[in-house]
Amino acid sequence: LLFVLGTVSCTLFLAVNGLYSASDDVIELTPTNFNKEVIQSESLWLVEFYAPWCGHCQRLTPEWKKAATALKGVVKVGAVDADKHQSLGGQYGVRGFPTIKMFGANKNKAEDYQGGRTSDAIVDAALSALRSMVKDRLSGRSGGYSSGKQSRESGGGDKKDVIELTDDSFDKNVMNSDDVWMVEFYAPWCGHCKNLEPEWAAAATEVKEQTKGKVKLAAVDATVNQMLAGRYGIRGFPTIKIFQKGEDPVDYDGGRTRSDIIARALDLFSDNAPPPELLEIISEDVLKSTCDAHQLCIISVLPHILDTGASGRNSYLDVMLKMAEKYKKKMWGWLWTEAGAQSDLESSLGIGGFGYPAMAAVNARKMKFALLKGSFSEQGINEFLRELSVGRGSTAPVGGGAFPKIHSVEPWDGKDGELPVEDDIDLSDVDLDDWDKDEL
């Protein structure tokens with residue numbers, strides 16, 4: 001199973017040992033040696049992208065080592081610490097750990113390994129892919145290998161996630177759609193289109209998964225659907241256009257590899273995505289679900305409502321909302337609480353009873369946090385988050401190594417606070433006659 005972890009663009013909190021050492025038969029891969037070892041290699045490669053803190057990766061490690069030893073000299077077996085080398089994970093669309101990719105004859109078209117996680121299953125899949133690759137060489141094809149599940153006669157990738165559009169279906173699918181569409185106009189006889197086809201197909205599958213279908217990749221045979229080709233002035237092939245609701249279509253002029261296409265699609269997705277929700281910590285569930293689902297959760301502790309009133313509090317919340325919008329591509333979680341409402345949480349984050357408003361960025365998987373040192377302002381928070389996004393800034397372990405008990409509290413009603421009303425003394429409760437007698 002692939003456990004999605006959200007974006008892997010953040011480079012915070014990396015001080016964890018890798019799972020493999022030089023004594024293993026698993027080849028440790030980094031951005032420095034990946035191109036030379038894998039891309040320029042004639043060999044079939046199995047590459048695991050992992051994170052040292054990931055439990056599923058830790059369980060896979062002994063099986064991966066056994067498979068590497070069994071395949072030594074036959075198939076290359078490598079591993080990338082994608083938590084440490086996130087640029088490499090991002091290049092291959094790694095969104096969860098462990099992710100296993102198979103690099104065959106066509107190193108630009110890696111295939112996801114979806115088989116079992118035992119050494120036997122890994123070895124069987126490697127030998128099957130190797131046999132397919134050798135057969136392709138024998139028959140004069142060098143377009144890569146296939147696991148058999150996704151093979152087509154053309155030797156390209158599986159086009160199941162590319163939406164075929166026609167003169168009849170284009171408008172009802174694309175025009176006024178709330179989704180973003182990237183549409184390739186092609187001609188069947190065009191060599192550049194054939195080269196693009198497997199990249200477009202592979203990107204379509206990744207983009208569908210990573211954007212939950214909010215960015216769609218489609219294709220139009222412009223030699224058949226000439227009304228569309230004429231409407232959009234298609235003169236050469238392939239031509240890729242981007243369609244967004246309420247805007248004129250624009251040409252895609254980026255690279256033609258899967259990773260280039262995916263990167264543009266994710267940019268389009270995040271540009272159109274709403275900013276993340278800003279949630280008040282009113283229960284343990286709010287904190288846990290937000291922090292567990294995101295690589296980082298940004299927690300603000302705002303002054304007591306009696307110190308700021310509603311207008312003062314809203315001004316702080318507005319600053320947070322602006323920052324959430326600015327950094328929405330990072331897909332972080334955003335939370336706030338009132339000073340004193342979650343005192344145990346404050347203490348565990350080194351805030352504890354003074355200096356409000358305060359802000360901490362927490363990595364819940366490693367139970368480490370960084371504290372805002374500058375001002376609680378757009379400028380101060382922007383500098384803080386920018387440092388985090390490039391892996392800088394001092395960090396500390398969360399006190400106690402885990403989130404403390406979170407108290408269930410009533411959500412803020414949006415109003416100014418009120419001092420507790422002292423109960424009026426109801427003299428009817430006092431028997432004055434008896435009191436007088438005692439005194440006498």
# chains A, B, ... in the order shown; residues from 1 in each chain; ligands from 1
>>> residues_around(residues="A:Glu42", least_positions_apart="6", cutoff="10 Å", atoms="only C-alpha atoms", output="VMD selection string")
chain A and resid 103 to 107
>>> write_last_selection(atoms="N, CA and C atoms", output="compact mmCIF listing (two decimals), in the first residue's frame")
# COMPACT_ATOMS: atom_id res chain seq x y z
N PHE A 103 13.26 1.08 -13.46
CA PHE A 103 13.86 1.79 -14.59
C PHE A 103 14.41 0.77 -15.57
N GLY A 104 13.75 0.65 -16.75
CA GLY A 104 14.16 -0.33 -17.75
C GLY A 104 15.02 0.28 -18.83
N ALA A 105 14.78 -0.14 -20.08
CA ALA A 105 15.60 0.36 -21.19
C ALA A 105 15.37 1.85 -21.40
N ASN A 106 14.11 2.28 -21.31
CA ASN A 106 13.81 3.70 -21.44
C ASN A 106 13.81 4.31 -20.04
N LYS A 107 14.94 4.90 -19.68
CA LYS A 107 15.10 5.41 -18.32
C LYS A 107 14.23 6.65 -18.05
>>> residues_around(residues="A:Asn108", least_positions_apart="6", cutoff="9 Å", atoms="only C-alpha atoms", output="count of residues only")
4
>>> closest_residue(among="A:Arg95, A:Lys214, A:Arg131, A:Lys241", to="A:Phe185", atoms="only C-alpha atoms")
A:Lys241
>>> residues_around(residues="A:Arg235", least_positions_apart="3", cutoff="12 Å", atoms="only C-alpha atoms", output="mmCIF file with all heavy atoms, in the first residue's frame")
data_model
loop_
_atom_site.group_PDB
_atom_site.id
_atom_site.type_symbol
_atom_site.label_atom_id
_atom_site.label_comp_id
_atom_site.auth_asym_id
_atom_site.auth_seq_id
_atom_site.Cartn_x
_atom_site.Cartn_y
_atom_site.Cartn_z
ATOM 1 N N PHE A 185 -3.443 18.253 -28.602
ATOM 2 C CA PHE A 185 -3.966 18.072 -29.956
ATOM 3 C C PHE A 185 -2.874 17.351 -30.766
ATOM 4 O O PHE A 185 -1.752 17.854 -30.877
ATOM 5 C CB PHE A 185 -4.290 19.423 -30.595
ATOM 6 C CG PHE A 185 -5.429 20.142 -29.914
ATOM 7 C CD1 PHE A 185 -5.205 20.924 -28.773
ATOM 8 C CD2 PHE A 185 -6.723 20.044 -30.398
ATOM 9 C CE1 PHE A 185 -6.253 21.582 -28.139
ATOM 10 C CE2 PHE A 185 -7.784 20.701 -29.778
ATOM 11 C CZ PHE A 185 -7.542 21.464 -28.639
ATOM 12 N N TYR A 186 -3.201 16.180 -31.292
ATOM 13 C CA TYR A 186 -2.184 15.357 -31.942
ATOM 14 C C TYR A 186 -2.653 14.859 -33.306
ATOM 15 O O TYR A 186 -3.836 14.961 -33.674
ATOM 16 C CB TYR A 186 -1.823 14.161 -31.056
ATOM 17 C CG TYR A 186 -2.922 13.116 -30.952
ATOM 18 C CD1 TYR A 186 -2.941 12.024 -31.827
ATOM 19 C CD2 TYR A 186 -3.941 13.205 -29.995
ATOM 20 C CE1 TYR A 186 -3.947 11.053 -31.746
ATOM 21 C CE2 TYR A 186 -4.938 12.248 -29.910
ATOM 22 C CZ TYR A 186 -4.940 11.183 -30.785
ATOM 23 O OH TYR A 186 -5.935 10.236 -30.725
ATOM 24 N N ALA A 187 -1.701 14.318 -34.039
ATOM 25 C CA ALA A 187 -1.987 13.613 -35.294
ATOM 26 C C ALA A 187 -1.357 12.229 -35.187
ATOM 27 O O ALA A 187 -0.200 12.110 -34.751
ATOM 28 C CB ALA A 187 -1.396 14.370 -36.479
ATOM 29 N N ALA A 222 -6.566 15.695 -33.871
ATOM 30 C CA ALA A 222 -6.917 16.890 -34.640
ATOM 31 C C ALA A 222 -7.161 16.592 -36.115
ATOM 32 O O ALA A 222 -7.753 17.421 -36.820
ATOM 33 C CB ALA A 222 -5.815 17.943 -34.487
ATOM 34 N N THR A 223 -6.723 15.417 -36.581
ATOM 35 C CA THR A 223 -6.991 15.073 -37.986
ATOM 36 C C THR A 223 -8.434 14.629 -38.177
ATOM 37 O O THR A 223 -8.983 14.719 -39.271
ATOM 38 C CB THR A 223 -6.042 13.960 -38.471
ATOM 39 O OG1 THR A 223 -6.305 12.754 -37.722
ATOM 40 C CG2 THR A 223 -4.592 14.363 -38.291
ATOM 41 N N GLN A 226 -11.741 18.182 -36.794
ATOM 42 C CA GLN A 226 -11.196 19.374 -37.442
ATOM 43 C C GLN A 226 -11.899 20.658 -36.996
ATOM 44 O O GLN A 226 -11.333 21.746 -37.109
ATOM 45 C CB GLN A 226 -11.257 19.203 -38.955
ATOM 46 C CG GLN A 226 -10.353 18.046 -39.419
ATOM 47 C CD GLN A 226 -10.339 17.865 -40.920
ATOM 48 O OE1 GLN A 226 -11.016 18.580 -41.657
ATOM 49 N NE2 GLN A 226 -9.562 16.902 -41.377
ATOM 50 N N LEU A 228 -12.584 21.442 -33.854
ATOM 51 C CA LEU A 228 -11.798 21.892 -32.704
ATOM 52 C C LEU A 228 -10.446 22.431 -33.143
ATOM 53 O O LEU A 228 -9.985 23.468 -32.646
ATOM 54 C CB LEU A 228 -11.597 20.735 -31.719
ATOM 55 C CG LEU A 228 -12.785 20.362 -30.833
ATOM 56 C CD1 LEU A 228 -12.477 19.104 -30.044
ATOM 57 C CD2 LEU A 228 -13.140 21.506 -29.895
ATOM 58 N N ALA A 229 -9.808 21.720 -34.056
ATOM 59 C CA ALA A 229 -8.491 22.154 -34.535
ATOM 60 C C ALA A 229 -8.585 23.536 -35.161
ATOM 61 O O ALA A 229 -7.710 24.392 -34.959
ATOM 62 C CB ALA A 229 -7.949 21.137 -35.547
ATOM 63 N N GLY A 230 -9.674 23.784 -35.910
ATOM 64 C CA GLY A 230 -9.852 25.097 -36.527
ATOM 65 C C GLY A 230 -10.157 26.166 -35.498
ATOM 66 O O GLY A 230 -9.624 27.284 -35.551
ATOM 67 N N ARG A 231 -11.014 25.815 -34.515
ATOM 68 C CA ARG A 231 -11.406 26.799 -33.490
ATOM 69 C C ARG A 231 -10.193 27.305 -32.720
ATOM 70 O O ARG A 231 -10.111 28.495 -32.385
ATOM 71 C CB ARG A 231 -12.411 26.165 -32.523
ATOM 72 C CG ARG A 231 -12.937 27.163 -31.484
ATOM 73 C CD ARG A 231 -13.510 26.474 -30.255
ATOM 74 N NE ARG A 231 -14.706 25.685 -30.504
ATOM 75 C CZ ARG A 231 -15.361 25.041 -29.557
ATOM 76 N NH1 ARG A 231 -14.919 25.071 -28.300
ATOM 77 N NH2 ARG A 231 -16.436 24.320 -29.835
ATOM 78 N N TYR A 232 -9.261 26.420 -32.417
ATOM 79 C CA TYR A 232 -8.108 26.808 -31.598
ATOM 80 C C TYR A 232 -6.831 27.021 -32.412
ATOM 81 O O TYR A 232 -5.745 27.127 -31.847
ATOM 82 C CB TYR A 232 -7.895 25.773 -30.488
ATOM 83 C CG TYR A 232 -9.060 25.769 -29.527
ATOM 84 C CD1 TYR A 232 -9.938 24.687 -29.451
ATOM 85 C CD2 TYR A 232 -9.320 26.877 -28.726
ATOM 86 C CE1 TYR A 232 -11.036 24.701 -28.587
ATOM 87 C CE2 TYR A 232 -10.411 26.902 -27.864
ATOM 88 C CZ TYR A 232 -11.260 25.815 -27.812
ATOM 89 O OH TYR A 232 -12.353 25.851 -26.964
ATOM 90 N N PRO A 238 2.751 17.917 -31.635
ATOM 91 C CA PRO A 238 1.565 18.120 -30.793
ATOM 92 C C PRO A 238 1.477 19.555 -30.297
ATOM 93 O O PRO A 238 2.502 20.197 -30.087
ATOM 94 C CB PRO A 238 1.809 17.151 -29.632
ATOM 95 C CG PRO A 238 3.304 17.108 -29.503
ATOM 96 C CD PRO A 238 3.847 17.247 -30.905
ATOM 97 N N THR A 239 0.272 20.063 -30.139
ATOM 98 C CA THR A 239 0.021 21.353 -29.487
ATOM 99 C C THR A 239 -0.747 21.063 -28.195
ATOM 100 O O THR A 239 -1.731 20.322 -28.220
ATOM 101 C CB THR A 239 -0.807 22.286 -30.385
ATOM 102 O OG1 THR A 239 -0.022 22.655 -31.520
ATOM 103 C CG2 THR A 239 -1.214 23.550 -29.631
ATOM 104 N N ILE A 240 -0.272 21.639 -27.099
ATOM 105 C CA ILE A 240 -0.927 21.436 -25.798
ATOM 106 C C ILE A 240 -1.492 22.768 -25.329
ATOM 107 O O ILE A 240 -0.779 23.784 -25.309
ATOM 108 C CB ILE A 240 0.060 20.876 -24.751
ATOM 109 C CG1 ILE A 240 0.621 19.525 -25.207
ATOM 110 C CG2 ILE A 240 -0.611 20.745 -23.387
ATOM 111 C CD1 ILE A 240 1.771 19.018 -24.357
#
>>> residues_around(residues="A:Leu371", least_positions_apart="3", cutoff="8 Å", atoms="only C-alpha atoms", output="VMD selection string")
chain A and resid 349 358 to 361 395
>>> write_last_selection(atoms="N, CA and C atoms", output="short mmCIF file (atom, residue, chain, number, x, y, z; two decimals), in the first residue's frame")
data_model
loop_
_atom_site.label_atom_id
_atom_site.label_comp_id
_atom_site.auth_asym_id
_atom_site.auth_seq_id
_atom_site.Cartn_x
_atom_site.Cartn_y
_atom_site.Cartn_z
N LEU A 349 5.53 23.12 23.48
CA LEU A 349 6.10 23.85 22.34
C LEU A 349 6.95 25.04 22.80
N ALA A 358 1.92 33.82 19.65
CA ALA A 358 3.10 33.00 19.37
C ALA A 358 2.75 32.03 18.25
N MET A 359 3.78 31.50 17.61
CA MET A 359 3.57 30.55 16.51
C MET A 359 4.65 29.48 16.52
N ALA A 360 4.23 28.22 16.29
CA ALA A 360 5.17 27.11 16.18
C ALA A 360 4.82 26.30 14.93
N ALA A 361 5.84 25.81 14.25
CA ALA A 361 5.65 24.89 13.12
C ALA A 361 6.06 23.51 13.60
N THR A 395 15.46 23.89 15.44
CA THR A 395 14.33 23.04 15.84
C THR A 395 14.60 22.44 17.21
#
>>> select_by_dssp(residues="stretch 328-375 of chain A", states="strand (DSSP E)", output="PyMOL selection string")
chain A and resi 333-338+358-363+368-371
>>> residues_around(residues="A:Lys405", least_positions_apart="2", cutoff="10 Å", atoms="only C-alpha atoms", output="ChimeraX atom specification")
/A:283-284,342-345,402-403,407-408
>>> residues_around(residues="A:Lys216", least_positions_apart="6", cutoff="8 Å", atoms="only C-alpha atoms", output="PyMOL selection string")
chain A and resi 162-163+179-182+204+207-208
>>> atom_distance(atom1="atom CA of A:Lys368", atom2="atom CA of A:Gly399")
8.9 Å
>>> closest_residue(among="A:Thr99, A:Thr118, A:Ser43, A:Asn314", to="A:Val134", atoms="only C-alpha atoms")
A:Ser43
>>> residues_around(residues="A:Asn173", least_positions_apart="5", cutoff="12 Å", atoms="only C-alpha atoms", output="JSON, numbers by chain")
{"A": [163, 164, 165, 166, 167, 168, 178, 179, 180, 181, 183, 216, 217, 218, 243, 244, 245]}
>>> select_by_dssp(residues="stretch 51-118 of chain A", states="alpha helix (DSSP H)", output="VMD selection string")
chain A and resid 55 to 70 86 to 91
>>> closest_residue(among="A:Leu266, A:Ala324, A:Thr337, A:Pro188", to="A:Ser300", atoms="only C-alpha atoms")
A:Thr337
